[in-house]
$ cat coords_17.cif   # mmCIF, C-alpha atoms
data_model
loop_
_atom_site.label_atom_id
_atom_site.label_comp_id
_atom_site.auth_asym_id
_atom_site.auth_seq_id
_atom_site.Cartn_x
_atom_site.Cartn_y
_atom_site.Cartn_z
CA MET A 1 -4.15 16.19 -5.13
CA ARG A 2 -7.85 15.60 -4.44
CA LEU A 3 -10.08 17.88 -2.34
CA ALA A 4 -12.99 15.96 -0.85
CA LEU A 5 -15.93 16.57 1.45
CA ASP A 6 -17.12 14.25 4.16
CA PRO A 7 -20.81 15.23 4.04
CA GLN A 8 -21.52 13.94 7.56
CA MET A 9 -23.45 17.09 8.52
CA PHE A 10 -26.02 16.14 5.84
CA PHE A 11 -26.44 12.52 6.95
CA ALA A 12 -29.54 13.16 9.08
CA THR A 13 -31.43 14.83 6.24
CA HIS A 14 -30.23 12.95 3.14
CA SER A 15 -29.94 9.34 2.07
CA VAL A 16 -26.57 8.07 0.88
CA TRP A 17 -27.89 8.26 -2.71
CA GLU A 18 -28.63 12.00 -2.36
CA LEU A 19 -25.18 12.91 -1.10
CA PRO A 20 -23.35 13.16 -4.47
CA ASP A 21 -25.68 15.94 -5.61
CA VAL A 22 -25.19 17.74 -2.28
CA VAL A 23 -21.41 17.45 -2.58
CA ALA A 24 -21.45 18.72 -6.18
CA SER A 25 -23.68 21.67 -5.24
CA LEU A 26 -21.07 22.72 -2.68
CA GLY A 27 -18.31 22.85 -5.28
CA TYR A 28 -16.48 19.61 -4.47
CA SER A 29 -15.46 17.00 -7.02
CA TRP A 30 -14.77 14.26 -4.45
CA MET A 31 -16.65 12.73 -1.53
CA GLU A 32 -15.45 10.75 1.47
CA LEU A 33 -18.07 8.35 2.80
CA SER A 34 -17.75 7.99 6.57
CA PRO A 35 -20.00 5.69 8.65
CA LYS A 36 -23.69 6.18 7.81
CA GLY A 37 -26.71 4.24 9.00
CA ASP A 38 -28.06 3.34 5.54
CA PHE A 39 -24.65 2.46 4.13
CA VAL A 40 -21.78 1.28 6.38
CA PRO A 41 -22.72 2.12 9.99
CA PHE A 42 -20.38 2.43 12.95
CA PHE A 43 -19.45 -1.02 14.30
CA LYS A 44 -22.04 -2.89 12.20
CA HIS A 45 -22.27 -4.89 9.02
CA PRO A 46 -23.03 -2.78 5.90
CA ARG A 47 -26.70 -1.97 5.33
CA VAL A 48 -26.61 -1.65 1.54
CA ASP A 49 -27.22 -4.35 -1.08
CA ASP A 50 -25.72 -4.67 -4.55
CA ALA A 51 -28.59 -2.76 -6.14
CA GLY A 52 -27.99 0.11 -3.71
CA VAL A 53 -24.29 0.10 -4.54
CA ARG A 54 -25.03 0.25 -8.27
CA LYS A 55 -27.45 3.12 -7.66
CA LEU A 56 -24.84 5.07 -5.67
CA LYS A 57 -22.23 4.55 -8.37
CA LYS A 58 -24.62 5.89 -11.00
CA VAL A 59 -25.80 8.95 -9.09
CA ALA A 60 -22.20 9.84 -8.23
CA ALA A 61 -21.18 9.55 -11.87
CA ASP A 62 -24.19 11.62 -12.95
CA ALA A 63 -23.24 14.31 -10.42
CA GLY A 64 -19.61 14.32 -11.59
CA VAL A 65 -18.46 13.38 -8.08
CA GLY A 66 -15.79 10.79 -7.41
CA ILE A 67 -15.75 8.76 -4.21
CA ALA A 68 -12.29 9.39 -2.81
CA SER A 69 -12.60 6.80 -0.07
CA LEU A 70 -14.82 4.74 2.19
CA LEU A 71 -14.31 5.14 5.94
CA PRO A 72 -15.58 2.17 7.96
CA VAL A 73 -15.07 2.09 11.73
CA LEU A 74 -15.22 -1.50 12.97
CA ARG A 75 -13.99 -3.41 16.02
CA TRP A 76 -11.27 -5.31 14.18
CA ALA A 77 -9.01 -4.86 17.23
CA GLY A 78 -11.53 -6.36 19.65
CA PRO A 79 -12.08 -6.04 22.58
CA GLY A 80 -13.39 -9.61 22.30
CA GLU A 81 -13.10 -12.35 19.71
CA ASP A 82 -16.80 -12.22 18.83
CA GLU A 83 -16.51 -8.51 18.05
CA ARG A 84 -13.35 -9.07 16.03
CA VAL A 85 -14.88 -11.87 13.94
CA ALA A 86 -17.97 -9.78 13.24
CA ALA A 87 -15.76 -6.85 12.24
CA VAL A 88 -13.76 -8.97 9.80
CA ARG A 89 -17.00 -10.18 8.23
CA ALA A 90 -18.16 -6.57 7.86
CA TRP A 91 -14.75 -5.59 6.50
CA LYS A 92 -14.98 -8.19 3.74
CA ARG A 93 -18.34 -6.84 2.61
CA THR A 94 -17.05 -3.24 2.82
CA ILE A 95 -14.07 -4.07 0.61
CA GLN A 96 -16.44 -5.63 -1.95
CA ILE A 97 -18.58 -2.49 -1.88
CA ALA A 98 -15.47 -0.39 -2.57
CA VAL A 99 -14.55 -2.63 -5.51
CA ASP A 100 -18.07 -2.42 -6.95
CA LEU A 101 -18.07 1.38 -6.58
CA GLY A 102 -14.68 1.65 -8.28
CA VAL A 103 -13.16 3.15 -5.12
CA ASP A 104 -9.43 2.52 -4.70
CA THR A 105 -8.95 3.72 -1.11
CA ILE A 106 -10.32 2.78 2.31
CA ASN A 107 -9.29 4.85 5.33
CA THR A 108 -10.05 3.79 8.87
CA GLU A 109 -9.05 3.88 12.54
CA PHE A 110 -7.06 1.39 14.62
CA ASN A 111 -9.85 1.11 17.20
CA GLY A 112 -9.26 -1.21 20.19
CA ARG A 113 -8.84 -0.17 23.80
CA PRO A 114 -5.89 1.97 24.97
CA GLU A 115 -5.93 0.38 28.44
CA ALA A 116 -5.39 -3.03 26.79
CA ALA A 117 -3.11 -1.96 23.95
CA GLU A 118 -1.06 -5.16 23.72
CA HIS A 119 -4.18 -7.33 23.43
CA ALA A 120 -5.76 -4.90 20.96
CA GLU A 121 -2.68 -4.91 18.74
CA ALA A 122 -2.70 -8.70 18.69
CA GLN A 123 -6.37 -8.68 17.66
CA PHE A 124 -5.69 -6.03 15.03
CA LEU A 125 -2.87 -8.07 13.50
CA LYS A 126 -4.99 -11.21 13.59
CA SER A 127 -7.68 -9.40 11.60
CA LEU A 128 -5.11 -8.13 9.12
CA ASP A 129 -3.86 -11.69 8.57
CA GLU A 130 -7.31 -12.39 7.09
CA LEU A 131 -7.81 -9.10 5.30
CA LEU A 132 -4.43 -8.23 3.77
CA PRO A 133 -4.72 -10.86 0.99
CA ILE A 134 -8.13 -9.44 0.06
CA PHE A 135 -6.84 -5.86 -0.07
CA GLU A 136 -3.94 -7.01 -2.23
CA ARG A 137 -6.12 -9.06 -4.57
CA GLU A 138 -8.54 -6.19 -5.10
CA GLY A 139 -5.93 -3.44 -5.39
CA ILE A 140 -7.40 -1.34 -2.56
CA SER A 141 -5.15 1.02 -0.61
CA LEU A 142 -5.56 1.07 3.19
CA ILE A 143 -4.95 4.32 5.07
CA LEU A 144 -4.69 4.15 8.87
CA GLU A 145 -5.41 6.93 11.35
CA PRO A 146 -4.54 7.13 15.05
CA HIS A 147 -7.70 8.25 16.84
CA PRO A 148 -8.28 9.50 20.38
CA ASP A 149 -9.15 6.47 22.55
CA ASP A 150 -7.74 3.91 20.10
CA PHE A 151 -5.14 1.38 21.24
CA VAL A 152 -2.57 3.61 19.54
CA GLU A 153 -3.14 7.37 19.79
CA ASP A 154 0.37 8.80 19.47
CA GLY A 155 1.14 9.90 15.91
CA LEU A 156 4.70 8.58 15.77
CA GLU A 157 3.78 5.25 17.37
CA ALA A 158 0.97 4.85 14.83
CA LEU A 159 3.35 5.65 12.00
CA GLN A 160 5.83 3.07 13.26
CA LEU A 161 3.08 0.45 13.29
CA VAL A 162 2.08 1.41 9.73
CA ARG A 163 5.68 1.02 8.58
CA GLY A 164 5.95 -2.25 10.46
CA LEU A 165 3.09 -3.70 8.42
CA ASN A 166 5.55 -3.52 5.51
CA ARG A 167 3.12 -2.95 2.65
CA ASP A 168 3.65 -0.11 0.17
CA TRP A 169 -0.11 0.28 -0.26
CA ILE A 170 -0.76 0.90 3.46
CA GLY A 171 -0.51 4.60 4.29
CA PHE A 172 -0.94 7.09 7.13
CA LEU A 173 -3.68 9.67 7.65
CA TYR A 174 -2.90 12.94 9.43
CA CYS A 175 -6.05 14.24 11.13
CA THR A 176 -5.78 17.93 11.99
CA PRO A 177 -8.61 17.97 14.60
CA HIS A 178 -6.68 15.25 16.46
CA ALA A 179 -3.50 17.34 16.43
CA PHE A 180 -3.45 17.82 20.21
CA HIS A 181 -3.94 14.11 20.94
CA GLN A 182 -1.02 12.83 18.88
CA GLY A 183 1.81 13.65 21.27
CA HIS A 184 3.87 15.68 18.78
CA ASP A 185 3.46 18.73 16.59
CA ALA A 186 2.23 18.36 13.03
CA ALA A 187 5.59 19.03 11.39
CA THR A 188 7.30 16.30 13.43
CA ILE A 189 4.72 13.66 12.53
CA ILE A 190 4.28 14.63 8.89
CA THR A 191 8.03 14.87 8.31
CA ALA A 192 8.52 11.43 9.84
CA ALA A 193 5.63 10.02 7.79
CA ALA A 194 7.01 11.47 4.53
CA GLU A 195 5.78 9.27 1.66
CA LYS A 196 3.43 7.38 3.99
CA VAL A 197 1.16 10.38 4.63
CA ARG A 198 -1.46 10.03 1.91
CA TYR A 199 -4.62 11.46 3.42
CA VAL A 200 -5.48 14.52 5.53
CA HIS A 201 -8.64 15.29 7.48
CA LEU A 202 -9.23 19.03 7.64
CA ALA A 203 -11.03 20.52 10.65
CA ASP A 204 -10.11 22.60 13.69
CA ALA A 205 -9.98 21.86 17.40
CA PHE A 206 -9.08 23.49 20.71
CA ASP A 207 -5.87 22.55 22.47
CA HIS A 208 -7.13 20.59 25.48
CA THR A 209 -3.60 20.48 26.91
CA ALA A 210 -3.45 24.28 27.33
CA SER A 211 -3.62 25.98 30.73
CA HIS A 212 -1.95 23.01 32.39
CA GLY A 213 -4.70 20.69 31.20
CA LEU A 214 -7.50 22.77 32.71
CA ARG A 215 -9.09 23.82 29.41
CA TYR A 216 -11.73 21.13 29.95
CA ILE A 217 -12.84 19.92 33.38
CA THR A 218 -14.52 16.56 33.96
CA ASN A 219 -15.86 15.28 37.23
CA PRO A 220 -14.63 13.31 38.99
CA PRO A 221 -11.10 14.51 38.15
CA GLY A 222 -8.96 12.03 36.27
CA ASN A 223 -11.69 10.63 34.01
CA PRO A 224 -9.93 8.98 31.04
CA VAL A 225 -11.94 10.97 28.49
CA ARG A 226 -10.67 12.31 25.17
CA VAL A 227 -12.19 15.66 24.24
CA HIS A 228 -11.83 17.13 20.77
CA GLN A 229 -13.87 18.91 18.14
CA HIS A 230 -14.22 18.90 14.36
CA MET A 231 -14.81 22.62 13.82
CA GLU A 232 -14.48 24.92 10.85
CA THR A 233 -10.88 25.97 10.23
CA GLY A 234 -10.12 29.20 12.08
CA ARG A 235 -12.42 28.51 15.03
CA GLY A 236 -9.83 26.56 17.01
CA GLU A 237 -6.09 26.46 17.57
CA VAL A 238 -4.63 24.17 14.90
CA ASP A 239 -1.79 25.82 12.96
CA PHE A 240 -2.86 25.01 9.41
CA ASP A 241 0.01 26.87 7.79
CA ALA A 242 2.42 24.63 9.71
CA VAL A 243 0.44 21.55 8.63
CA PHE A 244 0.43 22.45 4.94
CA ALA A 245 4.03 23.65 4.94
CA ALA A 246 5.03 20.25 6.32
CA LEU A 247 2.86 18.46 3.75
CA ALA A 248 4.47 20.45 0.94
CA SER A 249 7.95 19.67 2.27
CA VAL A 250 7.33 15.90 1.92
CA GLY A 251 5.69 16.18 -1.50
CA PHE A 252 2.20 15.22 -0.33
CA ASP A 253 -0.08 14.35 -3.25
CA GLY A 254 -3.04 12.59 -1.65
CA VAL A 255 -6.53 13.46 -0.46
CA VAL A 256 -7.47 16.46 1.67
CA SER A 257 -10.95 15.91 3.08
CA SER A 258 -13.05 18.50 4.91
CA CYS A 259 -14.37 16.77 8.04
CA VAL A 260 -16.38 19.27 10.06
CA PHE A 261 -19.02 17.77 12.37
CA GLY A 262 -21.51 19.13 14.85
CA PHE A 263 -22.56 22.38 13.15
CA GLU A 264 -25.47 21.21 11.01
CA GLU A 265 -27.28 24.55 11.27
CA ASP A 266 -24.63 26.03 8.93
CA ALA A 267 -23.59 22.91 7.06
CA ARG A 268 -23.67 24.47 3.60
CA GLY A 269 -21.87 27.66 4.57
CA ILE A 270 -19.17 25.83 6.49
CA SER A 271 -18.62 23.32 3.69
CA GLU A 272 -18.23 26.11 1.13
CA ARG A 273 -15.82 28.07 3.35
CA GLN A 274 -13.85 24.89 4.05
CA ARG A 275 -13.51 24.40 0.29
CA ASP A 276 -12.16 27.91 -0.14
CA THR A 277 -9.81 27.64 2.84
CA ALA A 278 -8.40 24.33 1.65
CA THR A 279 -7.89 25.68 -1.86
CA ASP A 280 -6.11 28.74 -0.46
CA LEU A 281 -3.83 26.60 1.73
CA VAL A 282 -2.92 24.39 -1.21
CA ASP A 283 -2.26 27.41 -3.44
CA ARG A 284 -0.15 29.11 -0.77
CA HIS A 285 2.04 26.14 0.11
CA PHE A 286 2.04 24.01 -3.04
CA GLY A 287 2.14 26.68 -5.72
CA GLY A 288 0.91 25.35 -9.02
CA THR A 289 -0.43 22.03 -7.72
CA THR A 290 -3.60 21.01 -9.51
CA LEU A 291 -6.66 19.84 -7.59
CA LEU A 292 -7.82 16.83 -9.57
CA THR A 293 -11.35 16.09 -10.69
CA PRO A 294 -12.66 12.57 -11.37
CA SER A 295 -12.32 13.14 -15.12
CA SER A 296 -8.63 14.07 -14.76
CA THR A 297 -7.54 10.95 -12.84
#

$ encode --input "coords_17.cif" --output "structure tokens"
Amino acid sequence: MRLALDPQMFFATHSVWELPDVVASLGYSWMELSPKGDFVPFFKHPRVDDAGVRKLKKVAADAGVGIASLLPVLRWAGPGEDERVAAVRAWKRTIQIAVDLGVDTINTEFNGRPEAAEHAEAQFLKSLDELLPIFEREGISLILEPHPDDFVEDGLEALQLVRGLNRDWIGFLYCTPHAFHQGHDAATIITAAAEKVRYVHLADAFDHTASHGLRYITNPPGNPVRVHQHMETGRGEVDFDAVFAALASVGFDGVVSSCVFGFEEDARGISERQRDTATDLVDRHFGGTTLLTPSST
């Protein structure tokens, strides 16, 4: 199992090439690279050239930090054809960056619009028709995550779509801060996912469905918003013991990535406490499982 940090709370103050040293200083051996303006931004073509990729690979190696995954978020499910084509172009470059970095995993979201789910799924599959041969040729694993406001948000529906793609190297990501948007409890989804669950995002959130849906109020009533947080574990209402017990029951052996956002004033302290909490959860529920370092893989 790998324990990683998504260093998003350091993005505003550090370049992508400074992040491996930050991650190492916080006691992590692995880093997840989510969308960043000087690397692979949200919904845009990558902003890094080959020289920048080589530099990142070197500084990560020098820091003793492995890159567990890249996380692009691109409009490969539309809404329009122009957006989809641009996303596929950006995807091709992102896959090449992963290959050049020696990264074997890309995790991402379905994207697309929930109010036009049938159209979005068709666009998504059209994009995959172009991209699947490239993933297969390069030996890159693809891990898919249902996200609030994607064309598929329900955890079991997302899992069914992942299975329907019928590729052993396509897996499922369980995101704990999205627990209350997935329509089912963690144990139900993780048990159903079984060998397909290969990645976990670790952060806390409040249950927006509590108090008959009145935990959060938007005006005018009925706005189709999705409210969630990515807080430090213990600040919200996710049952992490239930999550990790379910993961242990299916023999999970993937990546657990700390993904806390929005608390930059205590970024170092939170990241260190997240490390300790994750290690404790793994020890408690997995017994003698070893957390791998780059040198041990």

$ atom_distance --input "coords_17.cif" --atom1 "CA of Phe42 in chain A" --atom2 "CA of Leu74 in chain A"
6.5 Å

$ resolve_selection --input "coords_17.cif" --expression "the PyMOL selection byres ((chain A and resi 246-252) around 9)" --output "PyMOL selection string"
chain A and resi 1+186-188+190-191+193-195+197-199+241-245+253-255+282+285-286

$ closest_residue --input "coords_17.cif" --among "A:Ala158, A:Leu26, A:Leu281, A:Pro46" --to "Gly269 in chain A" --atoms "only C-alpha atoms"
A:Leu26

$ resolve_selection --input "coords_17.cif" --expression "the PyMOL selection byres ((chain A and resi 108) around 9)" --output "list in words"
Leu70, Leu71, Pro72, Val73, Leu74, Ile106, Asn107, Glu109, Phe110, Asn111, Leu142, Ile143, Leu144, Glu145, Pro146 and Leu173 of chain A

$ residues_around --input "coords_17.cif" --residues "Asp185 in chain A" --least-positions-apart "2" --cutoff "12 Å" --atoms "all atoms listed in the file" --output "PyMOL selection string"
chain A and resi 154-156+174-176+178-183+187-192+207+238-240+242-243+246

$ residues_around --input "coords_17.cif" --residues "Cys259 in chain A" --least-positions-apart "3" --cutoff "7 Å" --atoms "only C-alpha atoms" --output "JSON, numbers by chain"
{"A": [5, 6, 201, 202, 203, 230]}

$ atom_distance --input "coords_17.cif" --atom1 "CA of Ala63 in chain A" --atom2 "CA of Phe43 in chain A"
29.3 Å

$ atom_distance --input "coords_17.cif" --atom1 "CA of Thr218 in chain A" --atom2 "CA of Phe206 in chain A"
15.9 Å

$ closest_residue --input "coords_17.cif" --among "A:Ala90, A:Glu232, A:Ala278, A:Ala77" --to "Leu291 in chain A" --atoms "only C-alpha atoms"
A:Ala278

$ resolve_selection --input "coords_17.cif" --expression "the PyMOL selection byres ((chain A and resi 17) around 8)" --output "ChimeraX atom specification"
/A:14-16,18-20,55-56,59

$ residues_around --input "coords_17.cif" --residues "Leu101 in chain A" --least-positions-apart "3" --cutoff "12 Å" --atoms "only C-alpha atoms" --output "ChimeraX atom specification"
/A:33,50-61,66-70,94-98,104-106,140

$ closest_residue --input "coords_17.cif" --among "A:Ser271, A:Thr290, A:Ser295, A:Gln160" --to "Pro7 in chain A" --atoms "all atoms listed in the file"
A:Ser271

$ closest_residue --input "coords_17.cif" --among "A:Ala205, A:Val200, A:Ile170, A:Ile134" --to "Gly236 in chain A" --atoms "only C-alpha atoms"
A:Ala205

$ residues_around --input "coords_17.cif" --residues "Phe261 in chain A" --least-positions-apart "3" --cutoff "8 Å" --atoms "all atoms listed in the file" --output "list in words"
Gln8, Met9, Gln229, His230, Met231 and Glu264 of chain A

$ write_last_selection --input "coords_17.cif" --atoms "C-alpha atoms" --output "short mmCIF file (atom, residue, chain, number, x, y, z; two decimals), in the coordinates of the input"
data_model
loop_
_atom_site.label_atom_id
_atom_site.label_comp_id
_atom_site.auth_asym_id
_atom_site.auth_seq_id
_atom_site.Cartn_x
_atom_site.Cartn_y
_atom_site.Cartn_z
CA GLN A 8 -21.52 13.94 7.56
CA MET A 9 -23.45 17.09 8.52
CA GLN A 229 -13.87 18.91 18.14
CA HIS A 230 -14.22 18.90 14.36
CA MET A 231 -14.81 22.62 13.82
CA GLU A 264 -25.47 21.21 11.01
#

$ residues_around --input "coords_17.cif" --residues "Leu125 in chain A" --least-positions-apart "6" --cutoff "10 Å" --atoms "all atoms listed in the file" --output "ChimeraX atom specification"
/A:76-77,131-132,165

$ closest_residue --input "coords_17.cif" --among "A:Val88, A:Val260, A:Val40, A:Val99" --to "Asp204 in chain A" --atoms "all atoms listed in the file"
A:Val260

$ closest_residue --input "coords_17.cif" --among "A:Gly164, A:Arg93, A:Pro133, A:Glu157" --to "His184 in chain A" --atoms "all atoms listed in the file"
A:Glu157
